[in-house]
Amino acid sequence: MTETFTLYKLMILYMLKKVDFPLTTSQISEFILEKGYTSFFRLQEILTEMTESDLICAESTHNRTLYRLTENGAETIRFFKSKLSTEIRADIDEFLKEKYKDLKEEVSVKSDYYRNTKHEFEVHCQIIEDGSSLIDLKLTVPTEAEARAIAAHWSAKSQEIYAGLLEKLL
């Protein structure tokens, strides 16, 4: 059992090493579950353990968690990459190659909300491209329901809103 846990951890570390952006729980699980390696609950357990042991770091919002490789994780995969079979590495490489653009796009659009000191809700919406912020928008709304709706719709509407702002301002 410990050996399989180690294999799953190495697979996740290898995935994170191969991309220059964080991956969400759903992106990691898409590969792991699609290939039938383990269950969703076991994957959650592994991600938690990896975060606690500082192999990866997690950034959580109301609607998703993003995972990044830590220095310890990068060092671990550097030393133990050979423990992953060439077939598994090829599967991961192929998955990332096929989905790279979609995966990167999905994590480049961020939204979250929180209650401010005036007991209103602030919604923080961003589009990040190549490490730079294209848009960084904060909106204040009176209710959590409105904040939740804006945060949820930002992903689908962000490009349209960004283009509209540019059109109006230029």
# chains A, B, ... in the order shown; residues from 1 in each chain; ligands from 1
>>> residues_around(residues="stretch 74-90 of chain A", least_positions_apart="6", cutoff="12 Å", atoms="only C-alpha atoms", output="PyMOL selection string")
chain A and resi 3-4+6-18+31-32+35+37+50+53-57+68+96-97
>>> residues_around(residues="A:Asp130", least_positions_apart="4", cutoff="10 Å", atoms="only C-alpha atoms", output="list in words")
Asp20, Phe21, Lys104, Ser108 and Leu134 of chain A
>>> select_by_dssp(residues="chain A", states="strand (DSSP E or B)", output="MDAnalysis selection string")
chainID A and resid 23:24 56:60 65:69 109:115 121:129 132:141
>>> select_by_dssp(residues="chain A", states="alpha helix (DSSP H)", output="JSON list (two decimals) with C-alpha atoms, in the first residue's frame")
[["chain", "number", "residue", "atom", "x", "y", "z"],
["A", 2, "THR", "CA", 2.82, 2.42, 0.88],
["A", 3, "GLU", "CA", 4.46, 1.70, -2.47],
["A", 4, "THR", "CA", 1.29, 2.58, -4.40],
["A", 5, "PHE", "CA", 0.86, 5.78, -2.35],
["A", 6, "THR", "CA", 4.44, 6.68, -3.25],
["A", 7, "LEU", "CA", 3.71, 6.02, -6.93],
["A", 8, "TYR", "CA", 0.66, 8.32, -6.86],
["A", 9, "LYS", "CA", 2.66, 11.03, -5.12],
["A", 10, "LEU", "CA", 5.41, 10.79, -7.72],
["A", 11, "MET", "CA", 2.83, 11.00, -10.51],
["A", 12, "ILE", "CA", 1.39, 14.20, -9.03],
["A", 13, "LEU", "CA", 4.86, 15.68, -8.49],
["A", 14, "TYR", "CA", 5.79, 14.81, -12.08],
["A", 15, "MET", "CA", 2.61, 16.47, -13.39],
["A", 16, "LEU", "CA", 3.29, 19.65, -11.42],
["A", 17, "LYS", "CA", 6.94, 19.68, -12.51],
["A", 18, "LYS", "CA", 5.93, 19.51, -16.19],
["A", 25, "THR", "CA", -7.83, 19.16, -7.83],
["A", 26, "SER", "CA", -10.14, 18.41, -10.75],
["A", 27, "GLN", "CA", -7.32, 18.67, -13.31],
["A", 28, "ILE", "CA", -5.13, 16.24, -11.37],
["A", 29, "SER", "CA", -8.04, 13.91, -10.71],
["A", 30, "GLU", "CA", -9.05, 13.99, -14.39],
["A", 31, "PHE", "CA", -5.82, 12.19, -15.27],
["A", 32, "ILE", "CA", -5.59, 9.92, -12.21],
["A", 33, "LEU", "CA", -9.25, 8.81, -12.31],
["A", 34, "GLU", "CA", -9.46, 8.57, -16.11],
["A", 40, "PHE", "CA", -11.24, 10.23, -5.75],
["A", 41, "PHE", "CA", -11.22, 9.82, -1.96],
["A", 42, "ARG", "CA", -7.79, 8.19, -1.98],
["A", 43, "LEU", "CA", -6.51, 11.00, -4.22],
["A", 44, "GLN", "CA", -7.85, 13.60, -1.75],
["A", 45, "GLU", "CA", -6.04, 11.79, 1.05],
["A", 46, "ILE", "CA", -2.80, 11.78, -0.96],
["A", 47, "LEU", "CA", -3.06, 15.49, -1.83],
["A", 48, "THR", "CA", -3.65, 16.34, 1.84],
["A", 49, "GLU", "CA", -0.68, 14.26, 2.92],
["A", 50, "MET", "CA", 1.54, 15.83, 0.25],
["A", 51, "THR", "CA", 0.51, 19.32, 1.38],
["A", 52, "GLU", "CA", 1.18, 18.49, 5.04],
["A", 71, "GLU", "CA", 11.13, 23.18, -3.41],
["A", 72, "ASN", "CA", 10.90, 19.92, -1.44],
["A", 73, "GLY", "CA", 8.57, 18.50, -4.08],
["A", 74, "ALA", "CA", 10.85, 19.56, -6.93],
["A", 75, "GLU", "CA", 13.82, 17.97, -5.18],
["A", 76, "THR", "CA", 11.86, 14.78, -4.51],
["A", 77, "ILE", "CA", 10.79, 14.33, -8.14],
["A", 78, "ARG", "CA", 14.34, 15.13, -9.30],
["A", 79, "PHE", "CA", 15.69, 12.28, -7.16],
["A", 80, "PHE", "CA", 12.90, 9.75, -7.68],
["A", 86, "THR", "CA", 8.43, 5.29, -18.85],
["A", 87, "GLU", "CA", 4.83, 4.28, -19.68],
["A", 88, "ILE", "CA", 3.38, 6.34, -16.83],
["A", 89, "ARG", "CA", 5.59, 9.32, -17.71],
["A", 90, "ALA", "CA", 4.51, 9.00, -21.36],
["A", 91, "ASP", "CA", 0.83, 8.89, -20.30],
["A", 92, "ILE", "CA", 1.26, 12.03, -18.20],
["A", 93, "ASP", "CA", 3.23, 13.78, -20.96],
["A", 94, "GLU", "CA", 0.52, 12.93, -23.51],
["A", 95, "PHE", "CA", -2.27, 14.11, -21.20],
["A", 96, "LEU", "CA", -0.50, 17.41, -20.56],
["A", 97, "LYS", "CA", 0.32, 17.87, -24.23],
["A", 98, "GLU", "CA", -3.30, 17.30, -25.31],
["A", 99, "LYS", "CA", -4.82, 19.45, -22.57],
["A", 100, "TYR", "CA", -2.09, 22.04, -21.93],
["A", 101, "LYS", "CA", -3.93, 25.06, -23.35],
["A", 102, "ASP", "CA", -7.22, 24.18, -21.61],
["A", 103, "LEU", "CA", -5.50, 23.44, -18.30],
["A", 104, "LYS", "CA", -3.58, 26.72, -18.36],
["A", 105, "GLU", "CA", -6.63, 28.73, -19.39],
["A", 106, "GLU", "CA", -8.69, 27.24, -16.59],
["A", 107, "VAL", "CA", -6.26, 28.33, -13.88],
["A", 108, "SER", "CA", -5.53, 31.74, -15.42],
["A", 144, "GLU", "CA", -23.10, 36.67, -0.11],
["A", 145, "ALA", "CA", -25.48, 35.28, -2.75],
["A", 146, "GLU", "CA", -24.50, 38.08, -5.14],
["A", 147, "ALA", "CA", -20.81, 37.59, -4.38],
["A", 148, "ARG", "CA", -21.10, 33.83, -4.94],
["A", 149, "ALA", "CA", -22.92, 34.37, -8.26],
["A", 150, "ILE", "CA", -20.32, 36.85, -9.55],
["A", 151, "ALA", "CA", -17.45, 34.57, -8.57],
["A", 152, "ALA", "CA", -19.15, 31.61, -10.22],
["A", 153, "HIS", "CA", -19.90, 33.48, -13.47],
["A", 154, "TRP", "CA", -16.51, 35.16, -13.80],
["A", 155, "SER", "CA", -14.88, 32.17, -15.45],
["A", 156, "ALA", "CA", -17.45, 32.00, -18.26],
["A", 157, "LYS", "CA", -17.78, 35.77, -18.77],
["A", 158, "SER", "CA", -14.24, 37.05, -18.08],
["A", 159, "GLN", "CA", -13.03, 37.22, -21.69],
["A", 160, "GLU", "CA", -16.19, 39.01, -22.80],
["A", 161, "ILE", "CA", -15.92, 41.50, -19.91],
["A", 162, "TYR", "CA", -12.22, 42.11, -20.57],
["A", 163, "ALA", "CA", -12.84, 42.71, -24.29],
["A", 164, "GLY", "CA", -15.79, 45.00, -23.49],
["A", 165, "LEU", "CA", -13.70, 47.08, -21.08],
["A", 166, "LEU", "CA", -10.94, 47.47, -23.65],
["A", 167, "GLU", "CA", -13.47, 48.46, -26.31],
["A", 168, "LYS", "CA", -15.04, 51.08, -24.04],
["A", 169, "LEU", "CA", -11.75, 52.47, -22.79]]
>>> atom_distance(atom1="atom CA of A:Pro142", atom2="atom CA of A:Thr117")
12.2 Å
>>> decode(residues="stretch 56-71 of chain A", atoms="N, CA and C atoms", output="PDB file, in the first residue's frame")
ATOM      1  N   ILE A  56       3.898  19.765  -1.885  1.00  0.00           N
ATOM      2  CA  ILE A  56       3.110  20.685  -2.691  1.00  0.00           C
ATOM      3  C   ILE A  56       2.488  21.713  -1.774  1.00  0.00           C
ATOM      4  N   CYS A  57       2.096  22.847  -2.331  1.00  0.00           N
ATOM      5  CA  CYS A  57       1.345  23.818  -1.529  1.00  0.00           C
ATOM      6  C   CYS A  57      -0.008  24.018  -2.182  1.00  0.00           C
ATOM      7  N   ALA A  58      -0.989  24.288  -1.362  1.00  0.00           N
ATOM      8  CA  ALA A  58      -2.366  24.424  -1.827  1.00  0.00           C
ATOM      9  C   ALA A  58      -2.850  25.845  -1.575  1.00  0.00           C
ATOM     10  N   GLU A  59      -3.561  26.387  -2.562  1.00  0.00           N
ATOM     11  CA  GLU A  59      -4.201  27.691  -2.448  1.00  0.00           C
ATOM     12  C   GLU A  59      -5.684  27.461  -2.696  1.00  0.00           C
ATOM     13  N   SER A  60      -6.480  27.646  -1.661  1.00  0.00           N
ATOM     14  CA  SER A  60      -7.911  27.361  -1.770  1.00  0.00           C
ATOM     15  C   SER A  60      -8.743  28.623  -1.871  1.00  0.00           C
ATOM     16  N   THR A  61      -9.787  28.547  -2.688  1.00  0.00           N
ATOM     17  CA  THR A  61     -10.796  29.594  -2.762  1.00  0.00           C
ATOM     18  C   THR A  61     -12.123  28.921  -2.444  1.00  0.00           C
ATOM     19  N   HIS A  62     -13.216  29.645  -2.607  1.00  0.00           N
ATOM     20  CA  HIS A  62     -14.523  29.056  -2.331  1.00  0.00           C
ATOM     21  C   HIS A  62     -14.876  27.926  -3.293  1.00  0.00           C
ATOM     22  N   ASN A  63     -14.326  27.968  -4.507  1.00  0.00           N
ATOM     23  CA  ASN A  63     -14.772  26.994  -5.501  1.00  0.00           C
ATOM     24  C   ASN A  63     -13.706  26.033  -6.009  1.00  0.00           C
ATOM     25  N   ARG A  64     -12.446  26.182  -5.582  1.00  0.00           N
ATOM     26  CA  ARG A  64     -11.423  25.244  -6.040  1.00  0.00           C
ATOM     27  C   ARG A  64     -10.145  25.374  -5.231  1.00  0.00           C
ATOM     28  N   THR A  65      -9.286  24.377  -5.404  1.00  0.00           N
ATOM     29  CA  THR A  65      -7.968  24.388  -4.778  1.00  0.00           C
ATOM     30  C   THR A  65      -6.932  24.236  -5.879  1.00  0.00           C
ATOM     31  N   LEU A  66      -5.921  25.089  -5.830  1.00  0.00           N
ATOM     32  CA  LEU A  66      -4.813  25.048  -6.786  1.00  0.00           C
ATOM     33  C   LEU A  66      -3.580  24.497  -6.085  1.00  0.00           C
ATOM     34  N   TYR A  67      -2.852  23.613  -6.774  1.00  0.00           N
ATOM     35  CA  TYR A  67      -1.653  23.003  -6.200  1.00  0.00           C
ATOM     36  C   TYR A  67      -0.424  23.414  -6.989  1.00  0.00           C
ATOM     37  N   ARG A  68       0.629  23.752  -6.250  1.00  0.00           N
ATOM     38  CA  ARG A  68       1.929  24.089  -6.831  1.00  0.00           C
ATOM     39  C   ARG A  68       2.989  23.188  -6.210  1.00  0.00           C
ATOM     40  N   LEU A  69       4.035  22.976  -6.951  1.00  0.00           N
ATOM     41  CA  LEU A  69       5.180  22.214  -6.482  1.00  0.00           C
ATOM     42  C   LEU A  69       6.007  23.093  -5.542  1.00  0.00           C
ATOM     43  N   THR A  70       6.431  22.558  -4.414  1.00  0.00           N
ATOM     44  CA  THR A  70       7.335  23.272  -3.507  1.00  0.00           C
ATOM     45  C   THR A  70       8.770  22.888  -3.856  1.00  0.00           C
ATOM     46  N   GLU A  71       9.719  23.545  -3.216  1.00  0.00           N
ATOM     47  CA  GLU A  71      11.135  23.178  -3.414  1.00  0.00           C
ATOM     48  C   GLU A  71      11.365  21.715  -3.015  1.00  0.00           C
TER      49      GLU A  71
END
